[in-house]
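So this one's data-v2.tsv, TSV, C-alpha atoms:
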```
chain	number	residue	atom	x	y	z
V	1	MET	CA	13.15	4.52	-12.91
V	2	THR	CA	12.16	7.70	-11.04
V	3	VAL	CA	10.26	8.84	-7.96
V	4	GLN	CA	10.99	6.22	-5.31
V	5	ARG	CA	7.88	4.89	-3.61
V	6	PHE	CA	6.72	2.29	-1.11
V	7	LEU	CA	3.42	0.40	-1.47
V	8	LEU	CA	0.66	-0.37	1.05
V	9	ALA	CA	-0.61	-3.81	0.10
V	10	MET	CA	-3.94	-5.16	1.32
V	11	GLY	CA	-4.09	-8.96	1.71
V	12	ALA	CA	-5.56	-11.78	3.72
V	13	LEU	CA	-2.96	-11.69	6.50
V	14	ALA	CA	-1.74	-8.78	8.61
V	15	LEU	CA	1.56	-7.14	7.72
V	16	THR	CA	2.70	-4.25	9.86
V	17	VAL	CA	5.78	-2.56	8.46
V	18	PRO	CA	8.29	-0.50	10.46
V	19	VAL	CA	9.64	2.81	9.21
V	20	GLY	CA	13.39	3.00	8.94
V	21	ALA	CA	15.53	5.63	7.24
V	22	GLN	CA	13.36	6.69	4.30
V	23	ALA	CA	13.39	9.28	1.56
V	24	GLN	CA	11.08	12.27	1.75
V	25	ASP	CA	8.63	11.07	-0.91
V	26	GLU	CA	8.43	7.33	-0.17
V	27	LEU	CA	5.11	5.54	-0.42
V	28	VAL	CA	4.65	2.60	1.94
V	29	VAL	CA	2.70	-0.65	1.93
V	30	VAL	CA	0.08	-1.42	4.58
V	31	THR	CA	-1.79	-4.71	4.88
V	32	GLY	CA	-5.26	-4.92	6.37
V	33	SER	CA	-5.78	-7.58	9.01
V	34	ARG	CA	-9.09	-9.20	8.15
V	35	SER	CA	-10.54	-11.63	10.68
V	36	ASP	CA	-13.64	-13.79	10.97
V	37	ARG	CA	-15.32	-11.11	13.05
V	38	ALA	CA	-18.13	-8.62	12.57
V	39	SER	CA	-17.59	-6.10	9.78
V	40	PHE	CA	-16.85	-3.27	12.24
V	41	ASP	CA	-13.84	-5.26	13.47
V	42	GLU	CA	-12.59	-6.69	10.17
V	43	TYR	CA	-9.21	-4.91	10.28
V	44	TYR	CA	-8.50	-5.65	13.95
V	45	ASN	CA	-4.94	-6.70	14.79
V	46	ARG	CA	-4.31	-7.75	18.38
V	47	GLU	CA	-0.60	-6.92	18.02
V	48	GLN	CA	-1.10	-3.22	17.35
V	49	ALA	CA	-1.09	-0.44	19.95
V	50	ALA	CA	-4.44	0.99	21.00
V	51	ILE	CA	-3.33	4.61	20.65
V	52	GLY	CA	-2.13	6.13	17.39
V	53	LEU	CA	-3.17	8.17	14.36
V	54	THR	CA	-5.83	7.25	11.81
V	55	ARG	CA	-5.74	9.07	8.47
V	56	LYS	CA	-6.93	8.63	4.91
V	57	ALA	CA	-4.58	6.79	2.57
V	58	ASP	CA	-3.13	8.65	-0.40
V	59	TYR	CA	-3.70	6.03	-3.10
V	60	PHE	CA	-5.49	2.90	-4.16
V	61	VAL	CA	-3.06	0.47	-5.81
V	62	LYS	CA	-3.78	-2.73	-7.71
V	63	PRO	CA	-1.27	-5.27	-9.05
V	64	LEU	CA	-1.35	-5.86	-12.79
V	65	TYR	CA	0.26	-8.99	-14.23
V	66	VAL	CA	1.04	-8.41	-17.91
V	67	SER	CA	1.36	-11.96	-19.23
V	68	SER	CA	1.62	-14.22	-22.26
V	69	ASP	CA	1.06	-17.96	-22.69
V	70	SER	CA	2.48	-18.46	-26.17
V	71	ARG	CA	4.33	-21.75	-26.48
V	72	ASP	CA	7.69	-20.23	-27.46
V	73	SER	CA	9.42	-18.54	-24.51
V	74	SER	CA	11.07	-15.75	-26.50
V	75	LEU	CA	7.77	-15.00	-28.22
V	76	ARG	CA	6.05	-14.80	-24.83
V	77	VAL	CA	8.49	-12.16	-23.65
V	78	ARG	CA	8.10	-10.10	-26.84
V	79	GLU	CA	4.31	-10.26	-26.60
V	80	LEU	CA	4.02	-9.29	-22.95
V	81	ARG	CA	6.49	-6.43	-23.40
V	82	ALA	CA	4.50	-5.16	-26.38
V	83	MET	CA	1.33	-5.18	-24.26
V	84	LEU	CA	3.22	-3.54	-21.41
V	85	ARG	CA	4.21	-0.68	-23.72
V	86	GLU	CA	0.57	-0.26	-24.74
V	87	THR	CA	-0.39	-0.22	-21.05
V	88	ILE	CA	2.14	2.49	-20.26
V	89	SER	CA	1.18	4.62	-23.25
V	90	ARG	CA	-2.52	4.65	-22.25
V	91	ALA	CA	-2.21	5.09	-18.48
V	92	ALA	CA	-1.90	8.87	-18.20
V	93	GLU	CA	-4.97	9.65	-20.30
V	94	SER	CA	-6.97	7.32	-18.04
V	95	GLY	CA	-5.87	9.18	-14.89
V	96	ILE	CA	-3.85	6.17	-13.76
V	97	SER	CA	-0.16	6.06	-12.90
V	98	LEU	CA	1.94	2.89	-13.06
V	99	VAL	CA	4.58	1.87	-10.52
V	100	ALA	CA	6.67	-1.24	-10.00
V	101	GLY	CA	8.77	-2.92	-7.34
V	102	ASN	CA	8.29	-4.87	-4.13
V	103	TYR	CA	7.87	-2.60	-1.10
V	104	THR	CA	9.90	0.17	-2.70
V	105	LEU	CA	8.07	1.27	-5.83
V	106	THR	CA	9.16	3.49	-8.69
V	107	THR	CA	7.25	5.10	-11.53
V	108	VAL	CA	7.20	2.96	-14.68
V	109	THR	CA	8.15	4.57	-18.00
V	110	MET	CA	8.84	3.28	-21.50
V	111	ALA	CA	12.54	3.31	-20.68
V	112	ASP	CA	11.93	0.67	-17.99
V	113	VAL	CA	10.21	-1.97	-20.13
V	114	GLU	CA	13.34	-4.00	-20.88
V	115	GLN	CA	14.58	-3.76	-17.26
V	116	LEU	CA	11.43	-5.01	-15.53
V	117	GLN	CA	11.85	-8.60	-14.34
V	118	VAL	CA	10.06	-11.27	-16.37
V	119	THR	CA	8.96	-14.16	-14.14
V	120	GLY	CA	7.05	-17.39	-14.56
V	121	GLY	CA	3.27	-17.13	-14.57
V	122	ARG	CA	0.71	-19.12	-12.61
V	123	ARG	CA	0.64	-21.89	-15.22
V	124	PRO	CA	3.35	-23.79	-17.10
V	125	ASP	CA	4.57	-22.09	-20.29
V	126	THR	CA	3.50	-18.62	-19.15
V	127	ASN	CA	5.52	-15.54	-18.27
V	128	ARG	CA	4.57	-12.20	-16.79
V	129	VAL	CA	5.76	-8.81	-15.59
V	130	SER	CA	4.25	-7.38	-12.39
V	131	ILE	CA	3.40	-3.68	-12.08
V	132	TYR	CA	0.79	-1.68	-10.15
V	133	ALA	CA	-1.96	0.71	-11.21
V	134	ARG	CA	-2.26	3.63	-8.81
V	135	ILE	CA	-5.20	6.02	-8.32
V	136	PRO	CA	-5.47	8.82	-5.73
V	137	VAL	CA	-8.01	8.39	-2.94
V	138	ASP	CA	-9.99	11.57	-3.56
V	139	GLY	CA	-13.45	12.94	-4.25
V	140	LYS	CA	-13.68	11.13	-7.58
V	141	THR	CA	-12.59	7.75	-6.26
V	142	THR	CA	-13.54	7.11	-2.63
V	143	ARG	CA	-14.28	3.37	-2.59
V	144	VAL	CA	-12.34	0.26	-3.58
V	145	ARG	CA	-15.07	-0.66	-6.04
V	146	ASP	CA	-14.69	2.75	-7.72
V	147	ALA	CA	-10.95	2.18	-8.14
V	148	ASP	CA	-11.57	-1.37	-9.41
V	149	GLN	CA	-14.06	-0.15	-12.01
V	150	ARG	CA	-11.67	2.49	-13.31
V	151	ILE	CA	-8.75	0.07	-13.48
V	152	GLN	CA	-10.79	-2.69	-15.13
V	153	ALA	CA	-12.08	-0.24	-17.75
V	154	PHE	CA	-8.50	0.86	-18.39
V	155	ILE	CA	-7.27	-2.72	-18.79
V	156	LYS	CA	-10.05	-3.63	-21.22
V	157	ALA	CA	-8.94	-0.78	-23.50
V	158	VAL	CA	-5.34	-2.04	-23.73
V	159	PRO	CA	-4.87	-4.05	-26.97
V	160	ALA	CA	-3.30	-7.48	-26.68
V	161	THR	CA	-0.37	-8.65	-28.78
V	162	GLY	CA	-0.58	-12.31	-29.79
V	163	ARG	CA	-1.48	-14.33	-26.70
V	164	SER	CA	-0.75	-11.58	-24.18
V	165	TYR	CA	-3.27	-10.64	-21.48
V	166	ILE	CA	-3.50	-8.80	-18.14
V	167	GLU	CA	-4.54	-10.33	-14.81
V	168	THR	CA	-5.08	-8.36	-11.61
V	169	GLY	CA	-4.70	-8.81	-7.86
V	170	SER	CA	-6.41	-7.32	-4.81
V	171	THR	CA	-6.75	-3.56	-4.60
V	172	SER	CA	-4.61	-2.02	-1.87
V	173	LEU	CA	-3.85	1.26	-0.12
V	174	ALA	CA	-0.77	3.47	-0.33
V	175	LEU	CA	0.54	6.18	2.00
V	176	THR	CA	3.28	8.67	1.13
V	177	ASN	CA	6.16	9.02	3.58
V	178	PRO	CA	4.47	7.75	6.77
V	179	ASP	CA	7.38	8.89	8.93
V	180	GLN	CA	6.15	12.47	8.50
V	181	TYR	CA	3.31	11.51	10.88
V	182	ARG	CA	5.56	10.32	13.72
V	183	GLY	CA	5.08	13.60	15.58
V	184	ASP	CA	1.30	13.30	15.28
V	185	VAL	CA	1.44	9.74	16.64
V	186	VAL	CA	3.58	10.83	19.61
V	187	ARG	CA	1.20	13.73	20.23
V	188	ALA	CA	-1.78	11.38	20.26
V	189	VAL	CA	-0.06	9.11	22.79
V	190	ALA	CA	0.89	12.06	25.00
V	191	ASN	CA	-2.62	13.52	24.95
V	192	GLU	CA	-4.22	10.20	25.81
V	193	ALA	CA	-1.72	9.53	28.59
V	194	LYS	CA	-2.39	12.98	30.09
V	195	ARG	CA	-6.13	12.37	29.89
V	196	TYR	CA	-5.80	9.14	31.85
V	197	ALA	CA	-3.45	10.71	34.39
V	198	GLY	CA	-5.94	13.52	34.92
V	199	MET	CA	-8.48	10.99	36.15
V	200	PHE	CA	-6.22	10.30	39.13
V	201	GLY	CA	-5.76	13.94	40.11
V	202	SER	CA	-2.90	16.42	40.20
V	203	ASP	CA	-0.80	14.28	42.54
V	204	TYR	CA	-0.09	11.78	39.75
V	205	GLY	CA	2.31	11.98	36.82
V	206	ILE	CA	3.08	9.96	33.69
V	207	SER	CA	6.07	7.95	32.53
V	208	ILE	CA	6.04	6.97	28.82
V	209	GLU	CA	8.54	4.55	27.25
V	210	GLY	CA	9.07	3.35	23.69
V	211	LEU	CA	8.24	6.50	21.70
V	212	ASP	CA	11.69	6.42	20.09
V	213	SER	CA	11.01	2.96	18.60
V	214	GLU	CA	9.79	2.04	15.13
V	215	LEU	CA	6.69	3.47	13.51
V	216	PHE	CA	4.22	0.88	12.21
V	217	TRP	CA	1.16	1.15	10.02
V	218	GLN	CA	-1.94	-0.99	9.64
V	219	GLN	CA	-4.99	-0.69	7.43
V	220	SER	CA	-7.93	0.37	9.61
V	221	SER	CA	-10.78	0.73	7.09
V	222	GLU	CA	-11.44	0.56	3.36
V	223	THR	CA	-9.63	3.88	2.83
V	224	GLU	CA	-7.81	4.60	6.11
V	225	VAL	CA	-4.51	3.69	7.73
V	226	PHE	CA	-3.71	3.49	11.47
V	227	LEU	CA	-0.15	4.53	12.38
V	228	TYR	CA	1.28	3.66	15.78
V	229	ILE	CA	4.39	3.18	17.89
V	230	ASN	CA	4.55	0.29	20.35
V	231	HIS	CA	4.86	1.98	23.73
V	232	GLU	CA	3.75	1.80	27.34
V	233	PHE	CA	2.92	4.48	29.86
V	234	VAL	CA	2.73	4.28	33.64
V	235	ILE	CA	0.72	6.58	35.90
V	236	ARG	CA	2.26	6.92	39.36
V	237	PRO	CA	2.32	9.36	42.28
V	238	LYS	CA	4.64	12.30	41.72
```

Could you quickly redo this structure as structure tokens?
Amino acid sequence: MTVQRFLLAMGALALTVPVGAQAQDELVVVTGSRSDRASFDEYYNREQAAIGLTRKADYFVKPLYVSSDSRDSSLRVRELRAMLRETISRAAESGISLVAGNYTLTTVTMADVEQLQVTGGRRPDTNRVSIYARIPVDGKTTRVRDADQRIQAFIKAVPATGRSYIETGSTSLALTNPDQYRGDVVRAVANEAKRYAGMFGSDYGISIEGLDSELFWQQSSETEVFLYINHEFVIRPK
């Protein structure tokens, strides 16, 4: 597989993920924290810092489960792999790229079909392979429903082999190499700290701790991601 990536998954529970040592082109997974609140607050996470950077995500991503429920196990694997090959062969012309993995994702090619893990499906006597459809968040596709419509249309055009079929999961967001925004996050914290200190006058200064700690990310809207570093600042007399 080529082009190492991370995924930003959107689910029912919050998942904030720290940045460690990462490659230059990694794509990372961010989970939106939905709560039983008003819609303006649906991604609120009480654990996150108040100051950080909000930016548009790079991709919509949606899990695809290429499956078969034929009675014979070896036949199931042959059928789902045949449908997987059809899925791969049709993706590019639909403006969709395919990736696979857990948090670290790689581009899926024909050469990867035999290496992708075949797991049990949701029902007895079913097997499946999990991949993701990925679409850029851009002028053509700016809403989750737009991405869903494109992906569903793509799936419907993929021919089945035997008893193979494709199921989908929740559409998510993806962000390429979030660690490149660490400087912007630190700058946002510094600017906000200086603004608060300025309210107390020139006799006060700022002490900020924690900016060398891990970078986290959290979905903040349908298409945006909030990046932050857990920190604290103290305003005291000079």

Around all the atoms of stretch 74-89 of chain V listed in the file, draw an axis-aligned box and extend it by 5 Å on each of the six sides; I want its centre and edge lengths in Å to one decimal, as lines of an AutoDock Vina configuration file.
```
center_x = 5.3
center_y = -5.6
center_z = -24.2
size_x = 21.5
size_y = 30.4
size_z = 18.0
```

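For the atom pair formed by atom CA of V:Ser67 and atom CA of V:Tyr165, the distance is 5.3 Å, given to one decimal.
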
(request) Using only C-alpha atoms, pick whichever of V:Ala92, V:Ala49, V:Ala147, V:Ala111 has the shortest atom-to-atom distance to V:Thr171. (result) V:Ala147

(message) Between atom CA of V:Lys62 and atom CA of V:Gln218, what is the distance in Å, rounded to a tenth?
(response)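 Separating atom CA of V:Lys62 from atom CA of V:Gln218 is a distance of 17.5 Å.
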
(request) Can you work out the spacing between atom CA of V:Asp179 and atom CA of V:Val108 in Å, to one decimal? (result)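 Here the two named atoms are 24.3 Å from each other.
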
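Of the residues under consideration (V:Arg123, V:Val185, V:Ile235, V:Gly162), V:Ile235 shows the shortest atom-to-atom contact distance to V:Gly198 when counting all atoms listed in the file.
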
(request) Go through V:His231, V:Arg122, V:Arg81, V:Lys194 and flag the residue nearest V:Gly52, using only C-alpha atoms for the distances. (result) V:His231

(request) Tell me, as number ranges by chain, which residues lie within 9 Å of V:Ser73, counting only C-alpha atoms; anything in the same chain fewer than 6 positions away does not count. (result) V: 125-127

Could you save the residues just selected, with C-alpha atoms, as a PDB file, in the frame of the given file?
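Wrote it out as selection09.pdb, contents follow:
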```pdb
ATOM      1  CA  ASP V 125       4.570 -22.090 -20.290  1.00  0.00           C
ATOM      2  CA  THR V 126       3.500 -18.620 -19.150  1.00  0.00           C
ATOM      3  CA  ASN V 127       5.520 -15.540 -18.270  1.00  0.00           C
TER       4      ASN V 127
END
```

(message) Need to verify the contact set: V:Tyr204, 6 Å, all atoms listed in the file, exclusion of same-chain residues closer than 6 positions in sequence. Can you return it as a VMD selection string?
(response) chain V and resid 236 to 238

(message) Taking all atoms listed in the file into account, name the residue in V:Leu105, V:Ile96, V:Met199, V:Ile131 that is nearest to V:Phe154.
(response)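 Closest to V:Phe154, using all atoms listed in the file: V:Ile96.
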
(message) Let me make sure I understand: among V:Val129, V:Leu80, V:Ile135, V:Ala50, which one has the smallest atom-to-atom distance to V:Gly95 if we use all atoms listed in the file?
(response) V:Ile135

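With all atoms listed in the file taken into account, the protein and nucleic acid residues at most 7 Å from V:Ser70 (excluding it and anything under 4 positions from it in its own chain) are Leu75, Arg76 and Arg163 of chain V.
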
Counting only C-alpha atoms, what are the residues of stretch 94-204 of chain V within 10 Å of stretch 211-217 of chain V, and for each of them which pair of atoms is the nearest and at what distance in Å, to one decimal? Sort the table by chain and rising number, as a Markdown table.
```
| residue | atom | partner | partner_atom | distance |
| --- | --- | --- | --- | --- |
| V:Leu175 | CA | V:Trp217 | CA | 9.5 |
| V:Pro178 | CA | V:Trp217 | CA | 8.1 |
| V:Asp179 | CA | V:Leu215 | CA | 7.1 |
| V:Tyr181 | CA | V:Leu215 | CA | 9.1 |
| V:Arg182 | CA | V:Leu215 | CA | 6.9 |
| V:Gly183 | CA | V:Leu211 | CA | 9.9 |
| V:Val185 | CA | V:Leu215 | CA | 8.8 |
| V:Val186 | CA | V:Leu211 | CA | 6.7 |
| V:Val189 | CA | V:Leu211 | CA | 8.8 |
| V:Ala190 | CA | V:Leu211 | CA | 9.8 |
```

For stretch 48-68 of chain V, where the input has fewer atoms than it should, I would like N, CA and C atoms rebuilt and written as a tab-separated table (two decimals), in the frame of the given file.
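That gives us result20.tsv:
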```tsv
chain	number	residue	atom	x	y	z
V	48	GLN	N	-1.32	-4.64	17.48
V	48	GLN	CA	-1.10	-3.22	17.35
V	48	GLN	C	-1.42	-2.47	18.64
V	49	ALA	N	-0.81	-1.29	18.81
V	49	ALA	CA	-1.09	-0.44	19.95
V	49	ALA	C	-2.50	0.12	19.84
V	50	ALA	N	-3.08	0.46	21.00
V	50	ALA	CA	-4.44	0.99	21.00
V	50	ALA	C	-4.48	2.47	20.65
V	51	ILE	N	-3.37	3.17	20.86
V	51	ILE	CA	-3.33	4.61	20.65
V	51	ILE	C	-2.43	4.92	19.46
V	52	GLY	N	-2.91	5.76	18.55
V	52	GLY	CA	-2.13	6.13	17.39
V	52	GLY	C	-2.88	7.16	16.56
V	53	LEU	N	-2.58	7.19	15.27
V	53	LEU	CA	-3.17	8.17	14.36
V	53	LEU	C	-3.85	7.44	13.22
V	54	THR	N	-5.10	7.77	12.97
V	54	THR	CA	-5.83	7.25	11.81
V	54	THR	C	-5.97	8.36	10.78
V	55	ARG	N	-5.60	8.07	9.53
V	55	ARG	CA	-5.74	9.07	8.47
V	55	ARG	C	-6.07	8.38	7.16
V	56	LYS	N	-6.58	9.16	6.23
V	56	LYS	CA	-6.93	8.63	4.91
V	56	LYS	C	-5.66	8.28	4.14
V	57	ALA	N	-5.70	7.17	3.43
V	57	ALA	CA	-4.58	6.79	2.57
V	57	ALA	C	-4.47	7.76	1.40
V	58	ASP	N	-3.33	7.77	0.75
V	58	ASP	CA	-3.13	8.65	-0.40
V	58	ASP	C	-3.56	8.02	-1.72
V	59	TYR	N	-3.42	6.69	-1.83
V	59	TYR	CA	-3.70	6.03	-3.10
V	59	TYR	C	-4.39	4.68	-2.91
V	60	PHE	N	-5.15	4.29	-3.93
V	60	PHE	CA	-5.49	2.90	-4.16
V	60	PHE	C	-4.44	2.35	-5.11
V	61	VAL	N	-4.00	1.12	-4.89
V	61	VAL	CA	-3.06	0.47	-5.81
V	61	VAL	C	-3.53	-0.95	-6.09
V	62	LYS	N	-3.32	-1.39	-7.31
V	62	LYS	CA	-3.78	-2.73	-7.71
V	62	LYS	C	-2.71	-3.38	-8.57
V	63	PRO	N	-2.27	-4.59	-8.23
V	63	PRO	CA	-1.27	-5.27	-9.05
V	63	PRO	C	-1.83	-5.67	-10.40
V	64	LEU	N	-1.03	-5.43	-11.43
V	64	LEU	CA	-1.35	-5.86	-12.79
V	64	LEU	C	-0.27	-6.83	-13.24
V	65	TYR	N	-0.68	-7.98	-13.75
V	65	TYR	CA	0.26	-8.99	-14.23
V	65	TYR	C	0.12	-9.08	-15.75
V	66	VAL	N	1.05	-8.42	-16.44
V	66	VAL	CA	1.04	-8.41	-17.91
V	66	VAL	C	1.71	-9.71	-18.35
V	67	SER	N	0.94	-10.57	-19.02
V	67	SER	CA	1.36	-11.96	-19.23
V	67	SER	C	1.22	-12.39	-20.68
V	68	SER	N	1.82	-13.54	-20.98
V	68	SER	CA	1.62	-14.22	-22.26
V	68	SER	C	1.76	-15.72	-22.04
```
